[in-house]
$ cat start.cif   # mmCIF, C-alpha atoms and all ligand atoms
data_query
loop_
_atom_site.label_atom_id
_atom_site.label_comp_id
_atom_site.auth_asym_id
_atom_site.auth_seq_id
_atom_site.Cartn_x
_atom_site.Cartn_y
_atom_site.Cartn_z
CA GLY F 15 -55.85 66.79 86.10
CA PHE F 16 -57.94 63.74 85.28
CA ASP F 17 -61.40 64.79 84.01
CA GLY F 18 -60.88 68.31 85.32
CA MET F 19 -60.08 67.04 88.78
CA PRO F 20 -57.25 69.11 90.28
CA ALA F 21 -54.07 67.04 90.18
CA LEU F 22 -52.32 66.03 93.38
CA ASP F 23 -49.21 68.13 93.29
CA HIS F 24 -47.38 66.33 96.10
CA GLU F 25 -44.90 63.47 96.05
CA GLN F 26 -46.36 61.90 99.16
CA VAL F 27 -48.57 62.76 102.10
CA LEU F 28 -48.49 60.76 105.30
CA ILE F 29 -51.63 60.96 107.43
CA ARG F 30 -51.97 58.97 110.60
CA THR F 31 -53.57 59.06 114.00
CA GLY F 32 -50.64 59.45 116.36
CA PRO F 33 -50.57 56.18 118.30
CA ARG F 34 -49.66 57.97 121.55
CA SER F 35 -51.43 61.30 121.20
CA ARG F 36 -54.49 60.09 119.22
CA LEU F 37 -54.16 63.34 117.25
CA PRO F 38 -54.02 63.61 113.43
CA VAL F 39 -50.39 63.85 112.29
CA ILE F 40 -49.91 65.00 108.69
CA VAL F 41 -46.58 65.15 106.87
CA ALA F 42 -46.79 66.55 103.35
CA VAL F 43 -43.77 66.06 101.11
CA HIS F 44 -44.39 68.37 98.19
CA SER F 45 -41.18 68.11 96.18
CA SER F 46 -37.71 66.67 96.42
CA THR F 47 -36.74 67.79 92.91
CA LEU F 48 -33.98 70.03 94.28
CA GLY F 49 -33.11 67.84 97.28
CA GLN F 50 -34.44 66.73 100.64
CA ALA F 51 -37.81 68.32 101.44
CA VAL F 52 -37.69 70.69 104.43
CA GLY F 53 -40.40 72.57 106.29
CA GLY F 54 -41.50 73.26 109.80
CA CYS F 55 -43.83 71.42 112.14
CA ARG F 56 -47.04 73.33 112.84
CA LEU F 57 -48.89 72.45 116.02
CA TRP F 58 -52.12 74.35 115.78
CA ARG F 59 -55.86 74.26 116.37
CA TYR F 60 -58.14 73.40 113.47
CA ALA F 61 -61.93 73.14 113.50
CA ASP F 62 -61.54 70.00 111.38
CA TRP F 63 -58.41 67.90 110.82
CA GLN F 64 -59.02 68.21 107.08
CA ASP F 65 -58.40 71.95 107.43
CA GLY F 66 -55.03 70.93 108.84
CA LEU F 67 -54.48 68.71 105.80
CA ALA F 68 -55.33 71.59 103.45
CA ASP F 69 -52.87 73.79 105.37
CA ALA F 70 -50.13 71.15 105.15
CA LEU F 71 -50.65 70.81 101.38
CA ARG F 72 -50.46 74.57 100.80
CA LEU F 73 -47.63 75.21 103.24
CA SER F 74 -45.46 72.41 101.84
CA ALA F 75 -45.89 73.72 98.28
CA GLY F 76 -44.92 77.15 99.62
CA MET F 77 -41.75 75.64 101.07
CA THR F 78 -40.80 74.26 97.64
CA ALA F 79 -41.10 77.74 96.14
CA LYS F 80 -39.34 79.27 99.15
CA CYS F 81 -36.29 77.01 98.84
CA ALA F 82 -36.16 77.33 95.04
CA VAL F 83 -36.24 81.14 95.01
CA ALA F 84 -33.75 81.27 97.90
CA GLY F 85 -31.35 79.17 95.81
CA LEU F 86 -31.31 76.29 98.29
CA ALA F 87 -30.76 72.71 97.12
CA ASN F 88 -33.84 71.51 98.99
CA GLY F 89 -37.49 70.81 98.33
CA GLY F 90 -40.59 71.64 100.33
CA GLY F 91 -42.54 69.79 102.97
CA LYS F 92 -44.53 70.54 106.10
CA THR F 93 -45.85 68.78 109.16
CA VAL F 94 -49.20 69.70 110.70
CA VAL F 95 -50.61 68.29 113.91
CA ALA F 96 -54.27 69.22 113.98
CA VAL F 97 -55.30 69.99 117.54
CA PRO F 98 -59.08 70.08 118.12
CA PRO F 99 -60.53 73.50 119.01
CA GLY F 100 -60.40 74.28 122.71
CA ALA F 101 -57.97 71.45 123.52
CA GLU F 102 -55.09 72.40 125.81
CA LEU F 103 -51.99 70.21 125.49
CA ASP F 104 -50.50 69.29 128.86
CA ALA F 105 -46.81 68.38 129.06
CA ALA F 106 -47.43 64.64 128.70
CA THR F 107 -49.67 65.05 125.65
CA ARG F 108 -47.19 67.43 124.08
CA ARG F 109 -44.45 64.87 124.55
CA ALA F 110 -46.71 62.21 123.00
CA VAL F 111 -47.39 64.48 120.01
CA LEU F 112 -43.69 65.13 119.43
CA ASP F 113 -42.86 61.41 119.67
CA ASP F 114 -45.63 60.68 117.15
CA VAL F 115 -44.30 63.38 114.82
CA ALA F 116 -40.75 62.04 115.16
CA ASP F 117 -41.83 58.49 114.26
CA ALA F 118 -43.79 59.76 111.25
CA ILE F 119 -40.73 61.67 110.02
CA ALA F 120 -38.42 58.72 110.70
CA SER F 121 -40.68 56.50 108.59
CA LEU F 122 -40.01 58.74 105.58
CA ASP F 123 -36.34 57.75 105.70
CA GLY F 124 -34.81 61.15 105.04
CA ALA F 125 -37.19 62.27 102.28
CA TYR F 126 -38.19 65.10 104.64
CA ALA F 127 -36.63 66.98 107.53
CA THR F 128 -38.56 69.20 109.90
CA GLY F 129 -37.95 72.41 111.82
CA PRO F 130 -39.93 74.77 114.03
CA ASP F 131 -43.08 76.53 112.86
CA VAL F 132 -46.16 78.09 114.46
CA GLY F 133 -46.73 76.29 117.78
CA THR F 134 -43.33 74.57 118.06
CA THR F 135 -39.96 75.62 119.49
CA PRO F 136 -36.28 74.63 119.28
CA GLU F 137 -36.80 72.62 122.49
CA ASP F 138 -39.52 70.65 120.69
CA MET F 139 -37.01 69.99 117.89
CA ALA F 140 -34.64 68.49 120.47
CA VAL F 141 -37.41 66.10 121.55
CA ILE F 142 -38.06 65.12 117.92
CA GLY F 143 -34.29 64.72 117.53
CA GLU F 144 -34.31 61.91 120.11
CA ARG F 145 -36.02 59.68 117.55
CA THR F 146 -34.87 60.99 114.15
CA PRO F 147 -31.84 62.92 112.86
CA HIS F 148 -34.02 64.69 110.28
CA VAL F 149 -34.65 67.83 112.28
CA PHE F 150 -33.28 71.39 112.12
CA CYS F 151 -33.08 74.18 114.68
CA ARG F 152 -32.47 72.16 117.85
CA PRO F 153 -30.99 74.36 120.60
CA ALA F 154 -27.21 74.84 120.27
CA GLN F 155 -26.47 72.48 123.20
CA HIS F 156 -28.24 69.75 121.22
CA GLY F 157 -26.18 70.45 118.11
CA GLY F 158 -28.66 72.58 116.16
CA SER F 159 -28.81 76.20 115.01
CA GLY F 160 -31.54 77.14 117.48
CA ASP F 161 -34.36 79.62 117.03
CA SER F 162 -34.93 80.50 113.36
CA SER F 163 -37.13 83.55 114.07
CA PRO F 164 -34.33 86.14 114.31
CA ALA F 165 -33.14 85.16 110.82
CA THR F 166 -36.69 85.21 109.45
CA ALA F 167 -37.12 88.71 110.88
CA LEU F 168 -33.78 89.83 109.41
CA GLY F 169 -34.72 88.44 106.00
CA THR F 170 -38.03 90.29 106.15
CA LEU F 171 -36.17 93.52 106.92
CA ALA F 172 -34.00 92.85 103.85
CA ALA F 173 -37.10 92.44 101.67
CA LEU F 174 -38.57 95.64 103.13
CA ARG F 175 -35.36 97.52 102.26
CA ALA F 176 -35.64 96.45 98.62
CA VAL F 177 -39.27 97.57 98.48
CA SER F 178 -38.51 100.88 100.19
CA ARG F 179 -35.67 101.49 97.76
CA ARG F 180 -37.98 100.82 94.84
CA LEU F 181 -40.94 102.87 96.09
CA TYR F 182 -39.22 105.68 97.98
CA GLY F 183 -35.65 105.66 96.66
CA THR F 184 -34.09 104.76 100.00
CA ARG F 185 -33.31 101.41 101.58
CA ALA F 186 -33.40 102.95 105.04
CA LEU F 187 -36.83 102.54 106.60
CA THR F 188 -36.53 105.67 108.70
CA GLY F 189 -39.87 107.43 108.68
CA VAL F 190 -41.53 104.81 106.49
CA ARG F 191 -45.00 103.97 107.84
CA LEU F 192 -45.44 100.25 108.46
CA SER F 193 -48.43 98.41 109.82
CA LEU F 194 -47.39 95.10 111.37
CA VAL F 195 -50.08 92.47 111.93
CA GLY F 196 -48.89 89.81 114.40
CA LEU F 197 -46.37 90.06 117.23
CA GLY F 198 -45.40 86.39 117.48
CA SER F 199 -41.82 85.18 117.58
CA VAL F 200 -41.01 86.61 114.13
CA GLY F 201 -43.30 89.66 114.30
CA MET F 202 -41.96 90.85 117.64
CA ARG F 203 -38.36 90.60 116.49
CA LEU F 204 -39.19 92.39 113.28
CA ALA F 205 -40.93 95.15 115.24
CA ARG F 206 -37.71 95.64 117.22
CA LEU F 207 -35.57 95.82 114.08
CA LEU F 208 -37.96 98.32 112.52
CA ALA F 209 -38.12 100.44 115.66
CA ASP F 210 -34.30 100.55 115.76
CA GLU F 211 -34.40 101.76 112.19
CA GLY F 212 -36.69 104.65 113.10
CA ALA F 213 -39.70 103.40 111.19
CA ASP F 214 -43.15 104.83 111.94
CA LEU F 215 -44.77 101.69 113.36
CA LEU F 216 -48.34 100.57 113.91
CA VAL F 217 -48.49 97.14 115.57
CA SER F 218 -51.25 94.68 116.39
CA ASP F 219 -51.93 91.18 117.64
CA ILE F 220 -55.00 89.09 118.44
CA ASP F 221 -53.53 88.82 121.95
CA PRO F 222 -54.04 92.17 123.76
CA ALA F 223 -51.27 91.17 126.21
CA LYS F 224 -48.77 92.01 123.44
CA ARG F 225 -49.75 95.69 123.60
CA ALA F 226 -47.26 96.69 126.32
CA ALA F 227 -44.29 95.15 124.47
CA GLY F 228 -45.33 96.92 121.27
CA GLU F 229 -45.75 100.27 122.93
CA GLU F 230 -42.38 99.93 124.68
CA LEU F 231 -40.83 100.05 121.22
CA GLY F 232 -42.54 103.36 120.61
CA ALA F 233 -45.06 101.79 118.25
CA THR F 234 -48.73 102.71 118.11
CA TRP F 235 -51.09 99.85 119.04
CA ALA F 236 -54.16 98.95 116.99
CA SER F 237 -56.58 96.06 116.74
CA PRO F 238 -55.63 93.57 113.98
CA GLU F 239 -58.72 94.60 112.01
CA HIS F 240 -57.71 98.26 112.14
CA ALA F 241 -54.03 97.58 111.43
CA LEU F 242 -54.93 95.55 108.35
CA THR F 243 -56.71 98.40 106.62
CA ALA F 244 -54.84 101.33 108.20
CA ASP F 245 -53.57 104.21 106.07
CA THR F 246 -49.91 103.21 105.81
CA ASP F 247 -47.02 102.75 103.38
CA ILE F 248 -46.34 99.04 103.82
CA LEU F 249 -48.59 96.40 105.35
CA VAL F 250 -46.58 93.63 107.03
CA PRO F 251 -48.52 90.39 107.64
CA ALA F 252 -46.69 88.43 110.34
CA ALA F 253 -49.47 86.24 111.73
CA LEU F 254 -51.30 83.22 110.34
CA GLY F 255 -52.12 82.87 106.65
CA GLY F 256 -55.19 83.74 104.58
CA ILE F 257 -55.19 87.39 105.67
CA LEU F 258 -55.54 88.76 102.12
CA THR F 259 -59.08 87.95 101.03
CA GLY F 260 -61.28 89.27 98.25
CA ASP F 261 -63.09 91.33 100.92
CA VAL F 262 -59.97 92.81 102.48
CA VAL F 263 -58.02 93.85 99.37
CA PRO F 264 -60.50 96.54 98.20
CA ARG F 265 -60.21 98.12 101.68
CA LEU F 266 -56.41 98.16 101.91
CA ARG F 267 -54.79 101.58 102.20
CA CYS F 268 -51.12 100.78 101.60
CA SER F 269 -48.67 100.85 98.70
CA ALA F 270 -47.20 97.43 99.34
CA VAL F 271 -47.77 94.21 101.26
CA VAL F 272 -44.51 92.62 102.42
CA GLY F 273 -44.48 90.25 105.38
CA PRO F 274 -43.23 86.91 106.68
CA ALA F 275 -46.58 85.16 107.28
CA ASN F 276 -46.85 82.01 105.14
CA ASN F 277 -49.77 81.66 102.69
CA GLN F 278 -51.02 85.24 102.86
CA LEU F 279 -53.38 84.94 99.88
CA ALA F 280 -56.71 83.40 100.88
CA THR F 281 -57.20 82.44 97.23
CA ALA F 282 -54.88 82.62 94.23
CA ASP F 283 -56.97 85.26 92.42
CA VAL F 284 -56.19 87.79 95.18
CA ALA F 285 -52.75 88.39 93.62
CA GLY F 286 -54.51 89.86 90.57
CA LEU F 287 -56.76 92.00 92.79
CA LEU F 288 -53.71 93.46 94.53
CA HIS F 289 -52.06 94.20 91.21
CA ARG F 290 -55.15 95.93 89.83
CA ARG F 291 -55.24 98.13 92.92
CA GLY F 292 -51.61 99.07 92.24
CA ILE F 293 -50.42 97.42 95.44
CA VAL F 294 -47.02 95.74 95.28
CA TRP F 295 -47.12 92.25 96.80
CA VAL F 296 -43.89 90.45 97.46
CA PRO F 297 -44.79 86.75 97.83
CA ASP F 298 -44.53 85.44 101.40
CA TYR F 299 -42.27 82.62 100.29
CA VAL F 300 -39.68 85.16 99.09
CA VAL F 301 -39.91 87.37 102.19
CA SER F 302 -39.90 84.64 104.84
CA ALA F 303 -36.96 82.54 103.63
CA GLY F 304 -34.49 83.87 106.23
CA GLY F 305 -35.16 81.17 108.82
CA VAL F 306 -34.69 78.24 106.52
CA ILE F 307 -31.71 79.88 104.77
CA ASN F 308 -30.01 80.40 108.14
CA ALA F 309 -30.69 76.88 109.44
CA LEU F 310 -29.57 75.12 106.26
CA THR F 311 -26.50 77.30 105.77
CA LEU F 312 -25.33 76.47 109.29
CA GLU F 313 -26.48 72.87 109.68
CA LEU F 314 -26.22 71.46 106.15
CA HIS F 315 -23.51 73.58 104.54
CA HIS F 316 -21.54 74.06 107.80
CA GLU F 317 -20.87 77.71 107.05
CA THR F 318 -20.18 80.37 109.68
CA PRO F 319 -22.89 82.56 111.22
CA ASP F 320 -21.46 85.48 109.20
CA VAL F 321 -21.98 83.65 105.91
CA ALA F 322 -25.48 82.63 107.02
CA ARG F 323 -26.31 86.24 107.85
CA GLN F 324 -25.05 87.41 104.45
CA ARG F 325 -27.22 84.83 102.70
CA VAL F 326 -30.25 85.95 104.68
CA GLU F 327 -29.53 89.60 103.89
CA ALA F 328 -29.21 88.65 100.20
CA ILE F 329 -33.03 88.49 100.16
CA GLU F 330 -32.72 92.24 99.50
CA HIS F 331 -30.99 91.47 96.17
CA THR F 332 -33.44 88.71 95.33
CA VAL F 333 -36.36 91.13 95.70
CA ALA F 334 -34.52 93.87 93.78
CA ASP F 335 -33.84 91.38 90.96
CA LEU F 336 -37.50 90.36 90.92
CA PHE F 337 -38.51 94.02 90.53
CA GLY F 338 -36.07 94.22 87.61
CA THR F 339 -37.41 91.08 85.91
CA ALA F 340 -41.01 92.15 86.45
CA GLU F 341 -40.35 95.52 84.82
CA GLN F 342 -38.39 94.08 81.93
CA ARG F 343 -41.01 91.47 81.11
CA GLN F 344 -44.05 93.55 82.01
CA VAL F 345 -45.34 91.08 84.59
CA THR F 346 -46.09 91.41 88.30
CA LEU F 347 -43.40 90.76 90.88
CA ALA F 348 -45.40 87.72 92.02
CA GLN F 349 -45.37 86.33 88.47
CA ALA F 350 -41.63 86.96 88.20
CA ALA F 351 -41.14 85.01 91.45
CA THR F 352 -43.28 82.11 90.23
CA GLU F 353 -41.29 81.98 87.01
CA LEU F 354 -38.00 82.00 88.90
CA ALA F 355 -39.19 79.10 91.07
CA ARG F 356 -40.33 77.16 88.00
CA LEU F 357 -37.05 77.81 86.25
CA ARG F 358 -35.02 76.56 89.21
CA LEU F 359 -37.28 73.50 89.51
CA GLY F 360 -36.90 72.76 85.81
CA THR F 361 -40.65 72.98 85.21
CA PRO F 362 -41.51 74.32 81.77
CA PRO F 363 -42.38 77.98 82.42
CA ALA F 364 -45.92 79.10 81.75
CA ALA F 365 -46.13 81.60 78.90
CA LEU F 366 -45.26 84.97 80.37
CA ARG F 367 -48.25 87.13 79.69
CA PRO F 368 -48.45 90.82 80.51
CA ALA F 369 -50.43 91.29 83.73
N1 LIG F 401 -41.09 77.68 109.77
C1 LIG F 401 -40.05 77.71 108.79
C2 LIG F 401 -40.60 78.26 107.47
O1 LIG F 401 -41.80 78.40 107.29
C3 LIG F 401 -39.57 76.33 108.54
C4 LIG F 401 -38.15 76.00 108.85
C5 LIG F 401 -37.29 76.85 109.47
C6 LIG F 401 -37.70 74.79 108.44
C7 LIG F 401 -36.01 76.49 109.70
C8 LIG F 401 -36.41 74.41 108.65
C9 LIG F 401 -35.56 75.25 109.28
O2 LIG F 401 -39.84 78.59 106.59
#
$ encode --input "start.cif" --output "structure tokens"
Amino acid sequence: GFDGMPALDHEQVLIRTGPRSRLPVIVAVHSSTLGQAVGGCRLWRYADWQDGLADALRLSAGMTAKCAVAGLANGGGKTVVAVPPGAELDAATRRAVLDDVADAIASLDGAYATGPDVGTTPEDMAVIGERTPHVFCRPAQHGGSGDSSPATALGTLAALRAVSRRLYGTRALTGVRLSLVGLGSVGMRLARLLADEGADLLVSDIDPAKRAAGEELGATWASPEHALTADTDILVPAALGGILTGDVVPRLRCSAVVGPANNQLATADVAGLLHRRGIVWVPDYVVSAGGVINALTLELHHETPDVARQRVEAIEHTVADLFGTAEQRQVTLAQAATELARLRLGTPPAALRPA
């Protein structure tokens, strides 16, 4: 960047005070190199709206990598509405927020299309859809593909199979010990899939009310802090980002970290820390692509649910291929994924150095 200043990596970022909601609405369009930018709408609490901006910038860049590695002809974007701490949104305010988001997206004229993310639902997408066509995952009766979480969970299972195959020689997760952090809409569905598979499950959530549902699956309950550093085979982050910090990594007791939470690394250098500890990390943007793959396959490519499911399950092959590339070139799996994204985006690849 100019004089050592980090370069803005994004095509455009819209920031406005929602005229109805009076809340900060941020739409980050990271890249449209491969096609229309896509990425969910996050409605979440931030101590400072600028934390929401930082999240939007990181999450939208993650969507670019996610689409590129998934082989989708789309770029990355993200919407964040920064709700002040402690604020509860009543129905009227929520409606105002969604109308503000819809107008912001409409003003971008198709450069970006949204979808659900943390804090928003398919019903919210239908509300946004009243003002702009650039929205995925509306409920079926409104012409969309509905909830993307089941596909995200299925794609995560596919990634876990590839890792299990690599580490333990079997793609079945029967008896594999997994520690799942976060029982939200994706985490809960993933827990069910893993329980059906006969995995040895430890589950956790910041909300203690999730305990009963977890235990019903035959999983053992733990606090998030305990689950994070539990003695396990695979740690599965399925909550908010930034969970892998320089403090946490030295205390991890797992062989691999493979989960659907976006932006798991608190800082970029943590990838190196994980590698030096011999912990396999499959980048979140590879693992969590199932939702966006499913929605775009159905709504943009007009394929059948069977085809969409196959493309989501193909994440298993993507991860297996990344293991192959990493081995062949003597780099980490994360570096192999970055290189694949750069290749697809037509960015000159960084020199591949041994890790
Ligand atoms: N929340 C999804 C993700 O992070 C975003 C999304 C899903 C966007 C489905 C469009 C369609 O990948």
$ residues_around --input "start.cif" --residues "Val43 of chain F" --least-positions-apart "6" --cutoff "10 Å" --atoms "only C-alpha atoms" --output "list in words"
Asp23, His24, Glu25, Gln26, Val27, Leu28, Gln50, Ala51, Val52, Gly53, Ala70, Leu71, Ser74, Ala75, Met77, Thr78, Gly89, Gly90, Gly91, Lys92, Thr93, Leu122, Ala125, Tyr126 and Ala127 of chain F
$ residues_around --input "start.cif" --residues "segment 261-275 of chain F" --least-positions-apart "5" --cutoff "8 Å" --atoms "all atoms listed in the file" --output "PyMOL selection string"
chain F and resi 166-167+170+173-174+177+200+242-255+284+287-288+291-299+301-302
$ atom_distance --input "start.cif" --atom1 "atom CA of Ala172 of chain F" --atom2 "atom CA of Val217 of chain F"
19.1 Å
$ residues_near_ligand --input "start.cif" --ligand "ligand LIG 401 (chain F)" --cutoff "7 Å" --atoms "all atoms listed in the file" --output "PyMOL selection string"
chain F and resi 52-54+77+128-132+150-151+162+276+302-303+305-306+309-310
$ residues_around --input "start.cif" --residues "Ala355 of chain F" --least-positions-apart "5" --cutoff "6 Å" --atoms "all atoms listed in the file" --output "PyMOL selection string"
chain F and resi 79+82-83
$ residues_near_point --input "start.cif" --point "(-36.5, 76.0, 120.5)" --cutoff "8 Å" --atoms "all atoms listed in the file" --output "mmCIF file with C-alpha atoms, in the coordinates of the input"
data_model
loop_
_atom_site.group_PDB
_atom_site.id
_atom_site.type_symbol
_atom_site.label_atom_id
_atom_site.label_comp_id
_atom_site.auth_asym_id
_atom_site.auth_seq_id
_atom_site.Cartn_x
_atom_site.Cartn_y
_atom_site.Cartn_z
ATOM 1 C CA PRO F 130 -39.930 74.770 114.030
ATOM 2 C CA THR F 134 -43.330 74.570 118.060
ATOM 3 C CA THR F 135 -39.960 75.620 119.490
ATOM 4 C CA PRO F 136 -36.280 74.630 119.280
ATOM 5 C CA GLU F 137 -36.800 72.620 122.490
ATOM 6 C CA ASP F 138 -39.520 70.650 120.690
ATOM 7 C CA MET F 139 -37.010 69.990 117.890
ATOM 8 C CA ALA F 140 -34.640 68.490 120.470
ATOM 9 C CA CYS F 151 -33.080 74.180 114.680
ATOM 10 C CA ARG F 152 -32.470 72.160 117.850
ATOM 11 C CA PRO F 153 -30.990 74.360 120.600
ATOM 12 C CA GLY F 160 -31.540 77.140 117.480
ATOM 13 C CA ASP F 161 -34.360 79.620 117.030
#
$ atom_distance --input "start.cif" --atom1 "atom CA of Glu353 of chain F" --atom2 "atom CA of Ser45 of chain F"
16.6 Å
$ atom_distance --input "start.cif" --atom1 "atom CA of His331 of chain F" --atom2 "atom CA of Leu279 of chain F"
23.6 Å
$ closest_residue --input "start.cif" --among "F:Ile142, F:Ala348, F:Leu359, F:Met202" --to "Pro164 of chain F" --atoms "all atoms listed in the file"
F:Met202
$ closest_residue --input "start.cif" --among "F:Ala176, F:Gln155, F:Lys80, F:His240" --to "Ala351 of chain F" --atoms "only C-alpha atoms"
F:Lys80
$ residues_near_point --input "start.cif" --point "(-57.5, 99.0, 115.1)" --cutoff "12 Å" --atoms "all atoms listed in the file" --output "list in words"
Ser193, Leu194, Val195, Leu216, Val217, Ser218, Asp219, Ile220, Pro222, Arg225, Thr234, Trp235, Ala236, Ser237, Pro238, Glu239, His240, Ala241, Leu242, Thr243, Ala244 and Asp245 of chain F
$ residues_around --input "start.cif" --residues "Gly133 of chain F" --least-positions-apart "3" --cutoff "7 Å" --atoms "only C-alpha atoms" --output "list in words"
Arg56, Leu57 and Trp58 of chain F
$ residues_around --input "start.cif" --residues "Leu187 of chain F" --least-positions-apart "5" --cutoff "10 Å" --atoms "all atoms listed in the file" --output "PyMOL selection string"
chain F and resi 171+174-175+177-179+182+192+208-214
$ closest_residue --input "start.cif" --among "F:Val321, F:Ala106, F:Ala340, F:Ala68" --to "Thr352 of chain F" --atoms "only C-alpha atoms"
F:Ala340
